[in-house]
>>> print(open('my_file12.cif').read())   # mmCIF, N, CA and C atoms
data_structure
loop_
_atom_site.label_atom_id
_atom_site.label_comp_id
_atom_site.auth_asym_id
_atom_site.auth_seq_id
_atom_site.Cartn_x
_atom_site.Cartn_y
_atom_site.Cartn_z
N MET A 202 -48.53 80.09 -148.24
CA MET A 202 -49.35 81.24 -147.93
C MET A 202 -48.51 82.49 -148.20
N THR A 203 -49.11 83.48 -148.76
CA THR A 203 -48.37 84.68 -149.12
C THR A 203 -48.34 85.68 -147.98
N GLY A 204 -47.46 86.64 -148.12
CA GLY A 204 -47.36 87.68 -147.09
C GLY A 204 -46.05 87.56 -146.35
N ALA A 205 -45.60 88.68 -145.87
CA ALA A 205 -44.35 88.71 -145.13
C ALA A 205 -44.55 88.15 -143.72
N VAL A 206 -43.57 87.41 -143.28
CA VAL A 206 -43.60 86.85 -141.94
C VAL A 206 -43.24 87.96 -140.96
N LYS A 207 -44.11 88.21 -140.00
CA LYS A 207 -43.91 89.27 -139.02
C LYS A 207 -43.13 88.78 -137.80
N VAL A 208 -43.39 87.54 -137.42
CA VAL A 208 -42.79 86.99 -136.20
C VAL A 208 -41.99 85.74 -136.57
N PRO A 209 -40.68 85.73 -136.29
CA PRO A 209 -39.89 84.55 -136.61
C PRO A 209 -40.34 83.32 -135.82
N GLY A 210 -40.05 82.17 -136.35
CA GLY A 210 -40.43 80.94 -135.68
C GLY A 210 -39.82 79.74 -136.38
N VAL A 211 -40.50 78.62 -136.32
CA VAL A 211 -40.03 77.36 -136.89
C VAL A 211 -40.87 77.06 -138.13
N GLU A 212 -40.19 76.66 -139.19
CA GLU A 212 -40.90 76.31 -140.42
C GLU A 212 -41.50 74.92 -140.31
N MET A 213 -42.75 74.81 -140.75
CA MET A 213 -43.43 73.52 -140.85
C MET A 213 -44.13 73.49 -142.21
N VAL A 214 -44.23 72.31 -142.77
CA VAL A 214 -44.87 72.14 -144.07
C VAL A 214 -46.24 71.51 -143.88
N PHE A 215 -47.25 72.17 -144.45
CA PHE A 215 -48.62 71.66 -144.44
C PHE A 215 -49.14 71.74 -145.86
N ASP A 216 -49.67 70.66 -146.36
CA ASP A 216 -50.20 70.60 -147.74
C ASP A 216 -49.19 71.12 -148.76
N GLY A 217 -47.92 70.81 -148.55
CA GLY A 217 -46.90 71.18 -149.51
C GLY A 217 -46.42 72.61 -149.45
N ALA A 218 -46.96 73.40 -148.55
CA ALA A 218 -46.53 74.80 -148.39
C ALA A 218 -45.85 74.97 -147.04
N THR A 219 -44.86 75.83 -147.00
CA THR A 219 -44.11 76.08 -145.77
C THR A 219 -44.71 77.26 -145.03
N TYR A 220 -44.94 77.05 -143.75
CA TYR A 220 -45.48 78.08 -142.86
C TYR A 220 -44.50 78.29 -141.71
N VAL A 221 -44.41 79.51 -141.23
CA VAL A 221 -43.56 79.82 -140.09
C VAL A 221 -44.44 79.85 -138.84
N VAL A 222 -44.16 78.94 -137.92
CA VAL A 222 -44.92 78.83 -136.67
C VAL A 222 -44.18 79.65 -135.62
N PRO A 223 -44.71 80.82 -135.26
CA PRO A 223 -44.04 81.66 -134.26
C PRO A 223 -44.44 81.25 -132.85
N PRO A 224 -43.80 81.84 -131.85
CA PRO A 224 -44.21 81.58 -130.47
C PRO A 224 -45.65 82.05 -130.25
N LEU A 225 -46.31 81.44 -129.30
CA LEU A 225 -47.63 81.92 -128.88
C LEU A 225 -47.47 83.26 -128.20
N ASN A 226 -48.43 84.13 -128.36
CA ASN A 226 -48.39 85.40 -127.62
C ASN A 226 -49.01 85.19 -126.24
N ALA A 227 -48.90 86.20 -125.39
CA ALA A 227 -49.37 86.09 -124.01
C ALA A 227 -50.86 85.77 -123.93
N ALA A 228 -51.64 86.34 -124.83
CA ALA A 228 -53.09 86.09 -124.81
C ALA A 228 -53.40 84.62 -125.06
N ALA A 229 -52.69 84.00 -126.00
CA ALA A 229 -52.93 82.59 -126.30
C ALA A 229 -52.46 81.70 -125.15
N VAL A 230 -51.31 82.04 -124.57
CA VAL A 230 -50.83 81.26 -123.43
C VAL A 230 -51.83 81.32 -122.29
N LYS A 231 -52.35 82.50 -122.03
CA LYS A 231 -53.34 82.66 -120.96
C LYS A 231 -54.60 81.85 -121.26
N GLN A 232 -55.06 81.93 -122.50
CA GLN A 232 -56.30 81.26 -122.88
C GLN A 232 -56.18 79.74 -122.83
N TYR A 233 -55.03 79.20 -123.23
CA TYR A 233 -54.90 77.75 -123.34
C TYR A 233 -53.96 77.14 -122.31
N ARG A 234 -53.63 77.88 -121.26
CA ARG A 234 -52.67 77.42 -120.26
C ARG A 234 -53.01 76.05 -119.68
N GLU A 235 -54.23 75.89 -119.22
CA GLU A 235 -54.62 74.63 -118.58
C GLU A 235 -54.60 73.47 -119.56
N ALA A 236 -55.07 73.71 -120.76
CA ALA A 236 -55.09 72.64 -121.76
C ALA A 236 -53.67 72.23 -122.14
N ALA A 237 -52.77 73.18 -122.26
CA ALA A 237 -51.38 72.88 -122.62
C ALA A 237 -50.65 72.20 -121.47
N ALA A 238 -51.04 72.48 -120.25
CA ALA A 238 -50.38 71.89 -119.08
C ALA A 238 -50.45 70.38 -119.09
N SER A 239 -51.53 69.82 -119.63
CA SER A 239 -51.67 68.37 -119.66
C SER A 239 -50.57 67.73 -120.51
N PHE A 240 -50.08 68.46 -121.51
CA PHE A 240 -49.00 67.96 -122.36
C PHE A 240 -47.75 67.71 -121.53
N PHE A 241 -47.46 68.61 -120.59
CA PHE A 241 -46.27 68.48 -119.77
C PHE A 241 -46.45 67.45 -118.65
N ALA A 242 -47.67 67.11 -118.36
CA ALA A 242 -47.94 66.10 -117.34
C ALA A 242 -47.84 64.69 -117.93
N GLY A 243 -47.52 64.61 -119.21
CA GLY A 243 -47.35 63.31 -119.85
C GLY A 243 -48.59 62.80 -120.54
N ALA A 244 -49.67 63.55 -120.48
CA ALA A 244 -50.90 63.13 -121.13
C ALA A 244 -50.82 63.42 -122.63
N VAL A 245 -51.49 62.60 -123.41
CA VAL A 245 -51.58 62.87 -124.84
C VAL A 245 -52.54 64.04 -125.01
N PRO A 246 -52.10 65.10 -125.68
CA PRO A 246 -52.98 66.26 -125.81
C PRO A 246 -54.19 65.96 -126.69
N ASP A 247 -55.25 66.65 -126.43
CA ASP A 247 -56.46 66.56 -127.23
C ASP A 247 -56.16 67.19 -128.58
N ILE A 248 -56.54 66.52 -129.66
CA ILE A 248 -56.24 67.03 -131.00
C ILE A 248 -56.86 68.41 -131.23
N GLU A 249 -58.01 68.67 -130.61
CA GLU A 249 -58.65 69.98 -130.76
C GLU A 249 -57.81 71.08 -130.11
N VAL A 250 -57.16 70.76 -129.00
CA VAL A 250 -56.29 71.73 -128.34
C VAL A 250 -55.07 72.01 -129.21
N VAL A 251 -54.53 70.97 -129.82
CA VAL A 251 -53.37 71.15 -130.71
C VAL A 251 -53.75 72.07 -131.87
N VAL A 252 -54.91 71.85 -132.45
CA VAL A 252 -55.39 72.70 -133.55
C VAL A 252 -55.52 74.15 -133.08
N LYS A 253 -56.12 74.36 -131.92
CA LYS A 253 -56.30 75.73 -131.41
C LYS A 253 -54.97 76.42 -131.14
N LEU A 254 -54.01 75.68 -130.57
CA LEU A 254 -52.70 76.26 -130.29
C LEU A 254 -51.96 76.59 -131.59
N LEU A 255 -52.00 75.68 -132.55
CA LEU A 255 -51.34 75.94 -133.83
C LEU A 255 -52.00 77.12 -134.54
N HIS A 256 -53.31 77.16 -134.51
CA HIS A 256 -54.02 78.28 -135.14
C HIS A 256 -53.64 79.60 -134.47
N ALA A 257 -53.61 79.62 -133.15
CA ALA A 257 -53.25 80.85 -132.42
C ALA A 257 -51.84 81.31 -132.79
N ALA A 258 -50.92 80.37 -132.93
CA ALA A 258 -49.55 80.73 -133.31
C ALA A 258 -49.50 81.23 -134.75
N LEU A 259 -50.08 80.46 -135.67
CA LEU A 259 -50.02 80.83 -137.08
C LEU A 259 -50.72 82.15 -137.38
N ALA A 260 -51.77 82.46 -136.63
CA ALA A 260 -52.53 83.69 -136.87
C ALA A 260 -51.67 84.94 -136.67
N ARG A 261 -50.58 84.82 -135.94
CA ARG A 261 -49.68 85.96 -135.76
C ARG A 261 -49.01 86.33 -137.08
N ASN A 262 -48.71 85.34 -137.90
CA ASN A 262 -48.07 85.60 -139.20
C ASN A 262 -49.05 85.56 -140.37
N TYR A 263 -50.15 84.87 -140.18
CA TYR A 263 -51.13 84.70 -141.26
C TYR A 263 -52.52 85.01 -140.70
N PRO A 264 -52.82 86.29 -140.51
CA PRO A 264 -54.07 86.68 -139.83
C PRO A 264 -55.35 86.16 -140.49
N ALA A 265 -55.30 85.88 -141.76
CA ALA A 265 -56.51 85.42 -142.46
C ALA A 265 -56.72 83.91 -142.37
N ILE A 266 -55.78 83.20 -141.75
CA ILE A 266 -55.90 81.74 -141.69
C ILE A 266 -57.09 81.35 -140.82
N ALA A 267 -57.85 80.41 -141.30
CA ALA A 267 -59.05 79.96 -140.58
C ALA A 267 -58.74 78.70 -139.79
N VAL A 268 -59.37 78.57 -138.65
CA VAL A 268 -59.18 77.38 -137.81
C VAL A 268 -59.58 76.13 -138.59
N GLU A 269 -60.55 76.26 -139.48
CA GLU A 269 -60.99 75.11 -140.28
C GLU A 269 -59.86 74.62 -141.20
N GLN A 270 -59.03 75.54 -141.67
CA GLN A 270 -57.89 75.15 -142.50
C GLN A 270 -56.87 74.38 -141.67
N VAL A 271 -56.60 74.88 -140.49
CA VAL A 271 -55.64 74.22 -139.60
C VAL A 271 -56.16 72.83 -139.22
N GLU A 272 -57.46 72.69 -139.04
CA GLU A 272 -58.04 71.38 -138.73
C GLU A 272 -57.74 70.36 -139.82
N GLN A 273 -57.64 70.82 -141.06
CA GLN A 273 -57.33 69.91 -142.18
C GLN A 273 -55.88 69.44 -142.15
N TRP A 274 -55.01 70.22 -141.54
CA TRP A 274 -53.58 69.89 -141.52
C TRP A 274 -53.16 68.98 -140.37
N VAL A 275 -53.83 69.11 -139.23
CA VAL A 275 -53.42 68.36 -138.04
C VAL A 275 -54.13 67.01 -138.02
N ASP A 276 -53.33 65.96 -137.87
CA ASP A 276 -53.89 64.62 -137.75
C ASP A 276 -53.11 63.86 -136.69
N TYR A 277 -53.49 62.63 -136.44
CA TYR A 277 -52.82 61.86 -135.40
C TYR A 277 -51.39 61.49 -135.78
N GLY A 278 -51.05 61.63 -137.05
CA GLY A 278 -49.69 61.35 -137.48
C GLY A 278 -48.72 62.48 -137.16
N ASN A 279 -49.20 63.72 -137.18
CA ASN A 279 -48.31 64.87 -136.94
C ASN A 279 -48.63 65.65 -135.67
N MET A 280 -49.67 65.24 -134.97
CA MET A 280 -50.16 66.00 -133.82
C MET A 280 -49.07 66.25 -132.77
N LEU A 281 -48.31 65.23 -132.41
CA LEU A 281 -47.30 65.41 -131.37
C LEU A 281 -46.16 66.30 -131.85
N ASP A 282 -45.78 66.19 -133.13
CA ASP A 282 -44.75 67.08 -133.67
C ASP A 282 -45.23 68.52 -133.68
N VAL A 283 -46.49 68.74 -134.04
CA VAL A 283 -47.05 70.09 -134.04
C VAL A 283 -47.05 70.65 -132.62
N MET A 284 -47.54 69.87 -131.67
CA MET A 284 -47.60 70.32 -130.28
C MET A 284 -46.20 70.62 -129.75
N ASP A 285 -45.27 69.75 -130.04
CA ASP A 285 -43.89 69.94 -129.60
C ASP A 285 -43.31 71.22 -130.19
N THR A 286 -43.56 71.46 -131.47
CA THR A 286 -43.06 72.68 -132.12
C THR A 286 -43.65 73.92 -131.47
N VAL A 287 -44.95 73.93 -131.26
CA VAL A 287 -45.60 75.11 -130.65
C VAL A 287 -45.08 75.34 -129.24
N MET A 288 -44.95 74.28 -128.45
CA MET A 288 -44.49 74.43 -127.07
C MET A 288 -43.03 74.89 -127.00
N HIS A 289 -42.17 74.30 -127.82
CA HIS A 289 -40.76 74.68 -127.78
C HIS A 289 -40.52 76.06 -128.39
N THR A 290 -41.21 76.38 -129.47
CA THR A 290 -41.07 77.70 -130.08
C THR A 290 -41.49 78.78 -129.10
N SER A 291 -42.51 78.50 -128.33
CA SER A 291 -43.04 79.48 -127.38
C SER A 291 -42.22 79.55 -126.10
N GLY A 292 -41.27 78.65 -125.94
CA GLY A 292 -40.46 78.64 -124.73
C GLY A 292 -41.13 77.99 -123.54
N LEU A 293 -42.32 77.45 -123.75
CA LEU A 293 -43.06 76.86 -122.64
C LEU A 293 -42.40 75.57 -122.15
N ALA A 294 -41.84 74.81 -123.06
CA ALA A 294 -41.20 73.55 -122.65
C ALA A 294 -39.99 73.85 -121.76
N ALA A 295 -39.21 74.85 -122.12
CA ALA A 295 -38.03 75.22 -121.33
C ALA A 295 -38.46 75.74 -119.97
N LYS A 296 -39.49 76.55 -119.93
CA LYS A 296 -39.97 77.12 -118.66
C LYS A 296 -40.47 76.02 -117.73
N VAL A 297 -41.18 75.05 -118.28
CA VAL A 297 -41.68 73.95 -117.45
C VAL A 297 -40.52 73.14 -116.91
N GLY A 298 -39.52 72.88 -117.75
CA GLY A 298 -38.35 72.14 -117.29
C GLY A 298 -37.60 72.88 -116.20
N GLU A 299 -37.45 74.19 -116.37
CA GLU A 299 -36.78 75.01 -115.37
C GLU A 299 -37.56 75.01 -114.06
N MET A 300 -38.87 75.14 -114.15
CA MET A 300 -39.71 75.14 -112.96
C MET A 300 -39.61 73.80 -112.24
N SER A 301 -39.59 72.72 -113.00
CA SER A 301 -39.49 71.39 -112.41
C SER A 301 -38.16 71.24 -111.67
N ARG A 302 -37.06 71.71 -112.26
CA ARG A 302 -35.75 71.63 -111.60
C ARG A 302 -35.74 72.44 -110.31
N ARG A 303 -36.35 73.63 -110.32
CA ARG A 303 -36.40 74.47 -109.12
C ARG A 303 -37.20 73.81 -108.01
N ILE A 304 -38.32 73.20 -108.37
CA ILE A 304 -39.16 72.52 -107.38
C ILE A 304 -38.40 71.35 -106.77
N GLN A 305 -37.75 70.56 -107.63
CA GLN A 305 -36.98 69.43 -107.13
C GLN A 305 -35.86 69.88 -106.20
N ALA A 306 -35.18 70.96 -106.57
CA ALA A 306 -34.09 71.48 -105.73
C ALA A 306 -34.63 71.96 -104.39
N ALA A 307 -35.79 72.61 -104.39
CA ALA A 307 -36.38 73.12 -103.16
C ALA A 307 -36.85 72.00 -102.25
N MET A 308 -37.24 70.89 -102.84
CA MET A 308 -37.76 69.78 -102.04
C MET A 308 -36.68 68.80 -101.59
N SER A 309 -35.51 68.90 -102.21
CA SER A 309 -34.42 68.00 -101.84
C SER A 309 -33.81 68.41 -100.51
N PRO A 310 -33.44 67.44 -99.70
CA PRO A 310 -32.80 67.79 -98.43
C PRO A 310 -31.43 68.41 -98.70
N PRO A 311 -31.02 69.34 -97.86
CA PRO A 311 -29.71 69.96 -98.06
C PRO A 311 -28.61 68.92 -97.94
N ALA A 312 -27.56 69.14 -98.72
CA ALA A 312 -26.41 68.20 -98.68
C ALA A 312 -25.76 68.30 -97.31
N SER A 313 -25.41 67.15 -96.75
CA SER A 313 -24.79 67.15 -95.43
C SER A 313 -23.33 67.55 -95.56
N LYS A 314 -22.86 68.27 -94.56
CA LYS A 314 -21.46 68.72 -94.54
C LYS A 314 -20.70 67.82 -93.57
N THR A 315 -20.08 66.82 -94.12
CA THR A 315 -19.32 65.91 -93.26
C THR A 315 -17.86 65.89 -93.62
#
>>> encode(input="my_file12.cif", output="structure tokens")
Amino acid sequence: MTGAVKVPGVEMVFDGATYVVPPLNAAAVKQYREAAASFFAGAVPDIEVVVKLLHAALARNYPAIAVEQVEQWVDYGNMLDVMDTVMHTSGLAAKVGEMSRRIQAAMSPPASKT
């Protein structure tokens, strides 16, 4: 796809062309928060959610890209890699891991001083 990349991200190849997948913006995170949360709960994400998240990310660098085009690229063979790339690029995976560690620390009994 032509055009200058506005937002840095991770390169992925679709149909033989390289695209830069940037982090999701706040609007996309807000819109798809609940759907993306299932990914961190260990559930297999819905392929339609993966398409929407990838489209939202790619649209930052490629505003003319259509969701129908992204639907042609995402399949069950690459779906988890796509989801993983979008989540890690956006920092959501790190935030969820950090939140999980904080919750575990808060729920753990204090170390005994003996």
>>> closest_residue(input="my_file12.cif", among="A:Met284, A:Ala229, A:Val245, A:Ala236", to="Ala258 of chain A", atoms="only N, CA and C atoms")
A:Ala229
>>> resolve_selection(input="my_file12.cif", expression="the PyMOL selection byres ((chain A and resi 209) around 6.5)", output="PyMOL selection string")
chain A and resi 206-208+210-211+221-224
>>> write_last_selection(input="my_file12.cif", atoms="N, CA and C atoms", output="PDB file, in the frame of the given file")
ATOM      1  N   VAL A 206     -43.570  87.410-143.280  1.00  0.00           N
ATOM      2  CA  VAL A 206     -43.600  86.850-141.940  1.00  0.00           C
ATOM      3  C   VAL A 206     -43.240  87.960-140.960  1.00  0.00           C
ATOM      4  N   LYS A 207     -44.110  88.210-140.000  1.00  0.00           N
ATOM      5  CA  LYS A 207     -43.910  89.270-139.020  1.00  0.00           C
ATOM      6  C   LYS A 207     -43.130  88.780-137.800  1.00  0.00           C
ATOM      7  N   VAL A 208     -43.390  87.540-137.420  1.00  0.00           N
ATOM      8  CA  VAL A 208     -42.790  86.990-136.200  1.00  0.00           C
ATOM      9  C   VAL A 208     -41.990  85.740-136.570  1.00  0.00           C
ATOM     10  N   GLY A 210     -40.050  82.170-136.350  1.00  0.00           N
ATOM     11  CA  GLY A 210     -40.430  80.940-135.680  1.00  0.00           C
ATOM     12  C   GLY A 210     -39.820  79.740-136.380  1.00  0.00           C
ATOM     13  N   VAL A 211     -40.500  78.620-136.320  1.00  0.00           N
ATOM     14  CA  VAL A 211     -40.030  77.360-136.890  1.00  0.00           C
ATOM     15  C   VAL A 211     -40.870  77.060-138.130  1.00  0.00           C
ATOM     16  N   VAL A 221     -44.410  79.510-141.230  1.00  0.00           N
ATOM     17  CA  VAL A 221     -43.560  79.820-140.090  1.00  0.00           C
ATOM     18  C   VAL A 221     -44.440  79.850-138.840  1.00  0.00           C
ATOM     19  N   VAL A 222     -44.160  78.940-137.920  1.00  0.00           N
ATOM     20  CA  VAL A 222     -44.920  78.830-136.670  1.00  0.00           C
ATOM     21  C   VAL A 222     -44.180  79.650-135.620  1.00  0.00           C
ATOM     22  N   PRO A 223     -44.710  80.820-135.260  1.00  0.00           N
ATOM     23  CA  PRO A 223     -44.040  81.660-134.260  1.00  0.00           C
ATOM     24  C   PRO A 223     -44.440  81.250-132.850  1.00  0.00           C
ATOM     25  N   PRO A 224     -43.800  81.840-131.850  1.00  0.00           N
ATOM     26  CA  PRO A 224     -44.210  81.580-130.470  1.00  0.00           C
ATOM     27  C   PRO A 224     -45.650  82.050-130.250  1.00  0.00           C
TER      28      PRO A 224
END
>>> atom_distance(input="my_file12.cif", atom1="atom C of Asp216 of chain A", atom2="atom N of Val271 of chain A")
11.7 Å
>>> atom_distance(input="my_file12.cif", atom1="atom CA of Met213 of chain A", atom2="atom CA of Lys231 of chain A")
24.0 Å
>>> closest_residue(input="my_file12.cif", among="A:Pro264, A:Trp274, A:Asn279, A:Val250", to="Ala237 of chain A", atoms="all atoms listed in the file")
A:Val250
>>> atom_distance(input="my_file12.cif", atom1="atom N of Arg261 of chain A", atom2="atom C of Tyr220 of chain A")
10.6 Å
>>> axis_aligned_box(input="my_file12.cif", around="segment 248-257 of chain A", padding_each_side="4 Å", output="lines of an AutoDock Vina configuration file")
center_x = -55.0
center_y = 73.9
center_z = -131.7
size_x = 15.3
size_y = 22.8
size_z = 14.8
>>> decode(input="my_file12.cif", residues="segment 213-302 of chain A", atoms="C-alpha atoms", output="CSV table (one decimal), in the first residue's frame")
chain,number,residue,atom,x,y,z
A,213,MET,CA,3.1,-7.6,8.8
A,214,VAL,CA,2.8,-9.1,5.3
A,215,PHE,CA,-0.6,-9.5,3.7
A,216,ASP,CA,-1.1,-10.6,0.1
A,217,GLY,CA,2.7,-10.1,-0.5
A,218,ALA,CA,2.7,-6.5,0.6
A,219,THR,CA,4.1,-5.2,3.9
A,220,TYR,CA,1.9,-3.1,6.1
A,221,VAL,CA,2.9,-1.3,9.3
A,222,VAL,CA,0.4,-2.2,12.1
A,223,PRO,CA,0.5,0.7,14.6
A,224,PRO,CA,-0.9,0.7,18.2
A,225,LEU,CA,-4.6,1.1,18.5
A,226,ASN,CA,-5.7,4.6,19.4
A,227,ALA,CA,-7.8,5.4,22.5
A,228,ALA,CA,-11.1,5.4,20.5
A,229,ALA,CA,-10.5,1.9,19.2
A,230,VAL,CA,-9.5,0.6,22.6
A,231,LYS,CA,-12.6,2.1,24.1
A,232,GLN,CA,-14.8,0.7,21.3
A,233,TYR,CA,-13.4,-2.9,21.4
A,234,ARG,CA,-12.3,-3.1,25.1
A,235,GLU,CA,-14.8,-5.9,26.1
A,236,ALA,CA,-14.2,-7.9,23.0
A,237,ALA,CA,-10.4,-7.8,23.4
A,238,ALA,CA,-10.6,-8.7,27.1
A,239,SER,CA,-11.7,-12.2,26.2
A,240,PHE,CA,-8.3,-12.7,24.5
A,241,PHE,CA,-6.6,-12.1,27.8
A,242,ALA,CA,-9.0,-14.5,29.6
A,243,GLY,CA,-7.7,-17.3,27.5
A,244,ALA,CA,-10.6,-17.5,25.1
A,245,VAL,CA,-10.0,-17.8,21.4
A,246,PRO,CA,-11.0,-14.4,20.0
A,247,ASP,CA,-13.8,-14.1,17.5
A,248,ILE,CA,-12.3,-13.7,14.0
A,249,GLU,CA,-14.6,-10.8,13.3
A,250,VAL,CA,-13.2,-9.0,16.4
A,251,VAL,CA,-9.7,-9.6,15.1
A,252,VAL,CA,-10.6,-8.1,11.7
A,253,LYS,CA,-12.1,-5.1,13.4
A,254,LEU,CA,-9.1,-4.5,15.6
A,255,LEU,CA,-6.6,-5.0,12.7
A,256,HIS,CA,-8.7,-2.6,10.6
A,257,ALA,CA,-8.8,0.0,13.4
A,258,ALA,CA,-5.0,-0.2,13.7
A,259,LEU,CA,-4.2,-0.2,10.0
A,260,ALA,CA,-6.6,2.7,9.4
A,261,ARG,CA,-4.2,5.0,11.3
A,262,ASN,CA,-1.6,4.5,8.6
A,263,TYR,CA,-3.8,3.6,5.7
A,264,PRO,CA,-7.0,5.7,6.0
A,265,ALA,CA,-8.5,4.4,2.7
A,266,ILE,CA,-8.2,0.7,3.7
A,267,ALA,CA,-11.6,-1.0,3.8
A,268,VAL,CA,-12.7,-3.5,6.4
A,269,GLU,CA,-13.6,-5.8,3.5
A,270,GLN,CA,-10.0,-5.9,2.4
A,271,VAL,CA,-8.8,-6.8,5.9
A,272,GLU,CA,-11.4,-9.6,6.0
A,273,GLN,CA,-9.6,-11.1,3.0
A,274,TRP,CA,-6.3,-11.2,4.9
A,275,VAL,CA,-7.3,-12.6,8.2
A,276,ASP,CA,-7.9,-16.3,8.4
A,277,TYR,CA,-7.8,-19.0,11.0
A,278,GLY,CA,-4.1,-19.6,10.1
A,279,ASN,CA,-2.9,-16.1,11.0
A,280,MET,CA,-5.7,-14.9,13.3
A,281,LEU,CA,-3.8,-15.5,16.6
A,282,ASP,CA,-0.6,-13.9,15.2
A,283,VAL,CA,-2.6,-10.9,14.1
A,284,MET,CA,-4.4,-10.5,17.4
A,285,ASP,CA,-1.1,-10.9,19.3
A,286,THR,CA,0.6,-8.3,17.2
A,287,VAL,CA,-2.3,-5.8,17.7
A,288,MET,CA,-2.4,-6.4,21.4
A,289,HIS,CA,1.4,-6.2,22.0
A,290,THR,CA,1.9,-3.2,19.6
A,291,SER,CA,-0.8,-1.4,21.5
A,292,GLY,CA,0.7,-2.2,24.9
A,293,LEU,CA,-2.5,-3.9,26.0
A,294,ALA,CA,-0.8,-7.2,26.7
A,295,ALA,CA,1.8,-5.5,28.9
A,296,LYS,CA,-0.9,-3.6,30.8
A,297,VAL,CA,-2.9,-6.7,31.4
A,298,GLY,CA,0.1,-8.5,32.7
A,299,GLU,CA,1.0,-5.6,35.0
A,300,MET,CA,-2.5,-5.4,36.3
A,301,SER,CA,-2.6,-9.1,37.0
A,302,ARG,CA,0.7,-8.9,39.0
